[in-house]
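Asker: Sharing a structure with you now.
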Amino acid sequence: MIIVRTVLLSILVMLGVGLLCWDYFNFDETPVAKPTKNLKREVQVSPWGLEAMGIDFSTSDSPMRTIKVAVLDSGIYQEHEDLKGKVVAEFNAIDPGEPVVDDLGHGTAIAGIIAANNNNIGVVGVARSVELYDVKVLDKQGRGEPKNLVSAIEWCVSQGIDVINISFGYQAESLIIKKAIKDALDFGIIIVASAGNTYGLNADFPAKYENVFSITAVDQELLRVKTSARGKIDFAAPGKEILSTDHEGGYSLFNGTSFATAYATGFIATLLQHSHKKLNHIELKNLLLENAHVLDEEHLPSKEYGYGILKLNN
């Protein structure tokens, strides 16, 4: 059934229907719980993913550089108590000129993982001092047109974005998106994309492209989440029972490579923030390799774990 769905999606894109799917379209990526009812708003929770990646949010965060992170997704609920003041600019690639509204809930969760405020309530993000750029490319069904993704990437280039987070994917290659991705990479933008929830089938585009960091998901035991793709994987990050902000102003649990990608983006942004100079792709990858814990020593990079889980080498 999964193979049939993948083939059908590929045919639609090749025929020019223009369908993009984010990670949980037809896959097991839906939240595993409704907004958490027993999370006291006056108490801050440290998600397990932070510890797994060696992130200590209790220490002061004094970055050397300001890093701009663009979240290309369904939008961000900017009035969430844990996200207030995080978004510095927005762009609606679906309806240019219209305000960005997260009518799906995916983008808000991504934003919370990356940068939720350290404010003694709710959750805390990986890179709290980054500047978020809210870019809507997915509608309330989690679908988007290739031309809108291209427009979004071009906007990111015009804004001087440092890191682009793409927590969705597609199986059939789009040449116009490929060109936009290449142009952004040539401009020096770091692109982090989810490998996809293909149940062990090949990774999605654009994660499959060279120089795009492809991220898979692991659980608390550091084992690959069974829904994750195999193949072109660069690194692993937490992606099972991930507590984050939701678009209703509360907090929910999420599963999948989408959310692992957000952790990887936050991790990368943290490294960039504390670098004395702007790093190119090769320099950043070498730094990531120094800060990765190997999960499959027999195969490096592994088709399931890449070079391992990203973890600060203190």
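In the structure tokens, each chain is lettered A, B, ... as it comes, each chain's residues begin at 1, and ligands are numbered from 1 in order of appearance.
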Contacts of stretch 197-204 of chain A at 6 Å or less, counting only C-alpha atoms, minus same-chain residues fewer than 6 places along, as a short mmCIF file (atom, residue, chain, number, x, y, z; two decimals) with N, CA, C and O atoms, in the first residue's frame?
Answerer:
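What landed in part_38.cif:
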data_model
loop_
_atom_site.label_atom_id
_atom_site.label_comp_id
_atom_site.auth_asym_id
_atom_site.auth_seq_id
_atom_site.Cartn_x
_atom_site.Cartn_y
_atom_site.Cartn_z
N ASP A 23 5.91 15.63 5.27
CA ASP A 23 6.27 14.29 5.70
C ASP A 23 5.10 13.39 6.03
O ASP A 23 5.15 12.21 5.77
N GLY A 169 8.68 16.69 1.98
CA GLY A 169 9.41 16.19 0.83
C GLY A 169 8.50 15.62 -0.22
O GLY A 169 7.27 15.63 -0.09
N TYR A 170 9.10 15.09 -1.28
CA TYR A 170 8.35 14.53 -2.40
C TYR A 170 9.25 13.51 -3.09
O TYR A 170 10.47 13.59 -3.05
N GLN A 171 8.64 12.51 -3.72
CA GLN A 171 9.40 11.40 -4.30
C GLN A 171 9.80 11.63 -5.76
O GLN A 171 10.80 11.10 -6.21
N THR A 227 9.22 4.42 10.70
CA THR A 227 8.61 5.07 9.55
C THR A 227 9.61 5.83 8.69
O THR A 227 9.29 6.28 7.59
N SER A 228 10.84 5.99 9.18
CA SER A 228 11.82 6.83 8.50
C SER A 228 12.36 6.19 7.23
O SER A 228 12.40 4.97 7.10
N ALA A 229 12.80 7.05 6.32
CA ALA A 229 13.36 6.60 5.05
C ALA A 229 14.75 6.01 5.25
O ALA A 229 15.40 6.21 6.27
N ARG A 230 15.20 5.29 4.25
CA ARG A 230 16.58 4.82 4.16
C ARG A 230 17.21 5.39 2.90
O ARG A 230 16.52 5.85 2.00
N GLY A 231 18.53 5.31 2.83
CA GLY A 231 19.21 5.75 1.62
C GLY A 231 20.15 6.90 1.89
O GLY A 231 21.09 6.77 2.67
#
Asker: Report as an MDAnalysis selection string all protein, DNA and RNA residues lying within 8 Å of stretch 279-285 of chain A, evaluated on only C-alpha atoms, omitting residues in the same chain fewer than 6 positions from it.
Answerer: chainID A and resid 188 190 211 272
Asker: Go ahead and save the picked residues with C-alpha atoms, as a PDB file, in the first residue's frame.
Answerer:
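Okay, this is what ended up in result-v9.pdb:
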ATOM      1  CA  GLY A 188      25.802  30.078   0.766  1.00  0.00           C
ATOM      2  CA  ILE A 190      22.525  25.933   4.498  1.00  0.00           C
ATOM      3  CA  ASN A 211      24.875  19.354  -0.173  1.00  0.00           C
ATOM      4  CA  LEU A 272      26.876  28.793  13.390  1.00  0.00           C
TER       5      LEU A 272
END
Asker: Once DSSP has gone over the backbone, tell me which residues of stretch 136-306 of chain A are in helix (DSSP H, G or I), as a ChimeraX atom specification.
Answerer: /A:146-158,175-186,257-273,281-290
Asker: Using only C-alpha atoms, I'd like a table of the residues in stretch 128-202 of chain A that come within 9 Å of stretch 80-97 of chain A; for each, show the closest atom pair and its distance in Å rounded to one decimal, ordered by chain and ascending number, as CSV.
Answerer:
residue,atom,partner,partner_atom,distance
A:Arg128,CA,A:Lys86,CA,8.6
A:Ser129,CA,A:Lys86,CA,8.2
A:Val130,CA,A:Lys86,CA,7.7
A:Glu131,CA,A:Lys86,CA,6.0
A:Leu132,CA,A:Val87,CA,4.6
A:Tyr133,CA,A:Ala89,CA,5.2
A:Asp134,CA,A:Glu90,CA,4.5
A:Val135,CA,A:Phe91,CA,4.9
A:Lys136,CA,A:Asn92,CA,4.8
A:Val137,CA,A:Ala93,CA,5.6
A:Leu138,CA,A:Ile94,CA,7.6
A:Asp139,CA,A:Ile94,CA,7.9
A:Gly144,CA,A:Ile94,CA,7.9
A:Glu145,CA,A:Ile94,CA,8.1
A:Lys147,CA,A:Ala93,CA,8.8
A:Asn148,CA,A:Ala93,CA,5.3
A:Leu149,CA,A:Ala93,CA,7.2
A:Val150,CA,A:Ala93,CA,8.9
A:Ser151,CA,A:Ala93,CA,6.3
A:Ala152,CA,A:Ala93,CA,5.7
A:Trp155,CA,A:Phe91,CA,7.9
Asker: Identify, on the basis of only C-alpha atoms, every residue whose closest approach to A:Gly105 does not exceed 9 Å; exclude the query and any residue fewer than 5 positions from it along the same chain; express the result as a list in words.
Answerer: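 Using only C-alpha atoms, the neighbours found are Ser74, Gly75, Ile76, Tyr77, Lys140, Thr245, Asp246, His247 and Glu248 of chain A.
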Asker: Can you check which parts of stretch 147-240 of chain A lie within 10 Å of stretch 252-269 of chain A? Per residue, the shortest pair of atoms and distance in Å to one decimal, counting only C-alpha atoms, sorted by chain and number, as a tab-separated table.
Answerer:
residue	atom	partner	partner_atom	distance
A:Asp162	CA	A:Ala269	CA	8.4
A:Val163	CA	A:Ala269	CA	7.3
A:Ile164	CA	A:Thr265	CA	8.0
A:Asn165	CA	A:Thr265	CA	6.4
A:Ile166	CA	A:Thr261	CA	7.7
A:Ser167	CA	A:Ser258	CA	4.4
A:Phe168	CA	A:Ser258	CA	6.4
A:Gly169	CA	A:Ser258	CA	9.3
A:Ile190	CA	A:Ile268	CA	9.0
A:Ile191	CA	A:Thr265	CA	8.6
A:Val192	CA	A:Thr265	CA	6.3
A:Ala193	CA	A:Thr261	CA	6.2
A:Ser194	CA	A:Thr257	CA	5.4
A:Ala195	CA	A:Thr257	CA	6.5
A:Gly196	CA	A:Thr257	CA	5.8
A:Asn197	CA	A:Thr257	CA	6.5
A:Thr198	CA	A:Thr257	CA	10.0
A:Phe213	CA	A:Ala264	CA	9.0
A:Ser214	CA	A:Thr261	CA	8.0
A:Ile215	CA	A:Thr261	CA	5.5
A:Thr216	CA	A:Thr257	CA	5.3
A:Ala217	CA	A:Thr257	CA	4.9
A:Val218	CA	A:Ala260	CA	7.8
A:Asp219	CA	A:Asn255	CA	9.3
A:Val225	CA	A:Gly256	CA	7.4
A:Lys226	CA	A:Gly256	CA	9.4
A:Thr227	CA	A:Gly256	CA	7.3
A:Ser228	CA	A:Thr257	CA	6.6
A:Ala229	CA	A:Thr257	CA	8.6
A:Phe235	CA	A:Ala264	CA	8.2
A:Ala236	CA	A:Ala260	CA	7.2
A:Ala237	CA	A:Ala260	CA	4.8
A:Pro238	CA	A:Ala260	CA	5.0
A:Gly239	CA	A:Ala260	CA	4.4
A:Lys240	CA	A:Asn255	CA	4.6
Asker: Which residues come within 12 Å of A:Val124, counting only C-alpha atoms, excluding same-chain residues fewer than 4 positions away, as a PyMOL selection string?
Answerer: chain A and resi 43-51+55-58+81-83+109+111-120+128-129+242-245+251+263+266
Asker: Write out the residues from the selection above, keeping N, CA and C atoms, as a short mmCIF file (atom, residue, chain, number, x, y, z; two decimals), in the first residue's frame.
Answerer:
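Result went into again29.cif, see below:
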data_model
loop_
_atom_site.label_atom_id
_atom_site.label_comp_id
_atom_site.auth_asym_id
_atom_site.auth_seq_id
_atom_site.Cartn_x
_atom_site.Cartn_y
_atom_site.Cartn_z
N VAL A 43 5.37 25.98 34.42
CA VAL A 43 6.53 25.10 34.58
C VAL A 43 7.12 24.78 33.21
N GLN A 44 8.41 24.97 33.05
CA GLN A 44 9.07 24.69 31.77
C GLN A 44 9.59 23.27 31.74
N VAL A 45 9.35 22.59 30.62
CA VAL A 45 9.79 21.22 30.42
C VAL A 45 10.98 21.19 29.48
N SER A 46 11.98 20.40 29.81
CA SER A 46 13.13 20.21 28.92
C SER A 46 12.90 18.95 28.11
N PRO A 47 12.59 19.06 26.81
CA PRO A 47 12.34 17.88 25.98
C PRO A 47 13.54 16.94 25.96
N TRP A 48 13.28 15.64 25.86
CA TRP A 48 14.36 14.66 25.90
C TRP A 48 15.37 14.87 24.77
N GLY A 49 14.93 15.47 23.68
CA GLY A 49 15.82 15.67 22.55
C GLY A 49 17.00 16.57 22.87
N LEU A 50 16.81 17.54 23.76
CA LEU A 50 17.90 18.44 24.12
C LEU A 50 19.05 17.68 24.78
N GLU A 51 18.70 16.83 25.73
CA GLU A 51 19.73 16.04 26.41
C GLU A 51 20.42 15.09 25.44
N ILE A 55 22.53 19.48 24.49
CA ILE A 55 22.19 20.89 24.62
C ILE A 55 21.83 21.21 26.06
N ASP A 56 22.54 22.14 26.67
CA ASP A 56 22.27 22.56 28.05
C ASP A 56 21.64 23.95 28.02
N PHE A 57 20.32 24.00 28.15
CA PHE A 57 19.64 25.29 28.05
C PHE A 57 19.75 26.11 29.34
N SER A 58 20.29 25.49 30.40
CA SER A 58 20.39 26.22 31.67
C SER A 58 21.53 27.23 31.65
N GLU A 81 2.75 31.70 23.42
CA GLU A 81 3.55 32.23 24.52
C GLU A 81 5.03 31.87 24.45
N ASP A 82 5.34 30.75 23.82
CA ASP A 82 6.73 30.32 23.71
C ASP A 82 7.40 30.78 22.42
N LEU A 83 6.65 31.51 21.58
CA LEU A 83 7.21 31.96 20.30
C LEU A 83 7.11 33.46 20.09
N ALA A 109 4.94 23.72 15.35
CA ALA A 109 5.72 22.71 16.08
C ALA A 109 7.19 22.76 15.69
N ALA A 111 8.84 25.36 14.59
CA ALA A 111 9.40 26.59 15.17
C ALA A 111 9.71 26.42 16.65
N GLY A 112 8.84 25.74 17.37
CA GLY A 112 9.05 25.54 18.80
C GLY A 112 10.28 24.70 19.10
N ILE A 113 10.50 23.67 18.30
CA ILE A 113 11.68 22.83 18.49
C ILE A 113 12.95 23.63 18.25
N ILE A 114 12.91 24.45 17.23
CA ILE A 114 14.10 25.22 16.89
C ILE A 114 14.39 26.31 17.91
N ALA A 115 13.35 27.05 18.33
CA ALA A 115 13.65 28.31 19.03
C ALA A 115 12.70 28.71 20.14
N ALA A 116 11.94 27.80 20.72
CA ALA A 116 11.02 28.18 21.80
C ALA A 116 11.76 28.93 22.90
N ASN A 117 11.11 29.95 23.44
CA ASN A 117 11.73 30.81 24.45
C ASN A 117 12.11 30.04 25.71
N ASN A 118 13.21 30.45 26.31
CA ASN A 118 13.61 29.95 27.62
C ASN A 118 13.02 30.90 28.65
N ASN A 119 11.75 30.65 29.01
CA ASN A 119 10.98 31.62 29.80
C ASN A 119 10.27 31.01 31.00
N ASN A 120 10.72 29.83 31.42
CA ASN A 120 10.18 29.16 32.61
C ASN A 120 8.77 28.62 32.42
N ARG A 128 17.69 29.30 21.07
CA ARG A 128 16.69 30.29 21.48
C ARG A 128 16.91 31.69 20.93
N SER A 129 18.11 32.03 20.52
CA SER A 129 18.40 33.40 20.11
C SER A 129 18.47 33.61 18.60
N ILE A 242 7.98 13.88 20.40
CA ILE A 242 8.61 15.18 20.56
C ILE A 242 7.58 16.20 21.04
N LEU A 243 7.81 16.77 22.20
CA LEU A 243 6.90 17.77 22.75
C LEU A 243 7.27 19.14 22.20
N SER A 244 6.27 19.80 21.62
CA SER A 244 6.54 21.13 21.07
C SER A 244 5.27 21.98 21.08
N THR A 245 5.43 23.20 20.64
CA THR A 245 4.33 24.16 20.57
C THR A 245 3.34 23.75 19.48
N TYR A 251 0.52 22.66 23.75
CA TYR A 251 1.68 21.82 23.48
C TYR A 251 1.20 20.42 23.13
N TYR A 263 15.17 19.69 14.93
CA TYR A 263 16.25 19.56 15.92
C TYR A 263 17.60 19.77 15.25
N GLY A 266 18.12 23.47 14.50
CA GLY A 266 18.49 24.20 15.72
C GLY A 266 19.93 23.93 16.12
#
Asker: Pick from A:Ile189, A:Asp183, A:Val126, A:Glu297: nearest to A:Ala52, with only C-alpha atoms counted?
Answerer: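 Closest to A:Ala52 of all the choices is A:Val126.
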Asker: Name the residues in contact with A:Ser275 at a cut-off of 9 Å, using only C-alpha atoms, excluding same-chain residues fewer than 6 positions from it; report them as a PyMOL selection string.
Answerer: chain A and resi 63-65
Asker: Could the residues in this selection be written to a file with C-alpha atoms, as a JSON list (two decimals), in the first residue's frame?
Answerer:
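Full text of result.json as output:
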[["chain", "number", "residue", "atom", "x", "y", "z"],
["A", 63, "PRO", "CA", 26.03, 33.95, 20.47],
["A", 64, "MET", "CA", 28.82, 35.56, 18.50],
["A", 65, "ARG", "CA", 26.65, 35.93, 15.43]]
Asker: Point out the residue among A:Gly125, A:Gly142, A:Gly308, A:Pro99 with the least atom-to-atom distance to A:Leu223, counting only C-alpha atoms.
Answerer: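 Smallest distance to A:Leu223 is found for A:Gly308.
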Asker: Just give me the gap between atom CA of A:Phe205 and atom CA of A:Glu304 in Å, one decimal is fine.
Answerer: 16.3 Å
Asker: In Å to one decimal, how far is atom CA of A:Ala184 from atom CA of A:Tyr305?
Answerer: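 These atoms are spaced 25.8 Å apart.
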Asker: What is the distance between atom CA of A:Val212 and atom CA of A:Asp186, in Å to one decimal?
Answerer: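 The value is 11.6 Å.
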Asker: Give the strand (DSSP E) residues of stretch 57-114 of chain A, as DSSP finds them on the backbone, and put them as a ChimeraX atom specification.
Answerer: /A:68-73,87-92
Asker: If you keep N, CA and C atoms, can you produce a file of those selected residues as a compact mmCIF listing (two decimals), in the first residue's frame?
Answerer:
# COMPACT_ATOMS: atom_id res chain seq x y z
N LYS A 68 19.91 33.78 10.89
CA LYS A 68 18.56 33.85 10.36
C LYS A 68 18.13 32.46 9.88
N VAL A 69 17.05 31.96 10.47
CA VAL A 69 16.53 30.64 10.12
C VAL A 69 15.14 30.78 9.50
N ALA A 70 14.99 30.27 8.29
CA ALA A 70 13.70 30.31 7.61
C ALA A 70 13.01 28.96 7.76
N VAL A 71 11.77 29.00 8.23
CA VAL A 71 10.95 27.79 8.36
C VAL A 71 9.96 27.78 7.20
N LEU A 72 10.24 26.95 6.19
CA LEU A 72 9.35 26.82 5.04
C LEU A 72 8.36 25.72 5.36
N ASP A 73 7.11 26.11 5.63
CA ASP A 73 6.17 25.16 6.18
C ASP A 73 4.74 25.68 6.05
N VAL A 87 9.63 35.66 15.48
CA VAL A 87 9.54 35.86 14.03
C VAL A 87 9.82 37.32 13.69
N VAL A 88 10.80 37.55 12.84
CA VAL A 88 11.17 38.92 12.46
C VAL A 88 10.62 39.31 11.09
N ALA A 89 10.23 38.32 10.28
CA ALA A 89 9.65 38.61 8.97
C ALA A 89 8.87 37.39 8.50
N GLU A 90 7.89 37.63 7.62
CA GLU A 90 7.09 36.53 7.10
C GLU A 90 6.82 36.73 5.61
N PHE A 91 6.54 35.61 4.94
CA PHE A 91 6.22 35.65 3.52
C PHE A 91 5.24 34.53 3.21
N ASN A 92 4.12 34.88 2.63
CA ASN A 92 3.12 33.90 2.23
C ASN A 92 3.33 33.59 0.75
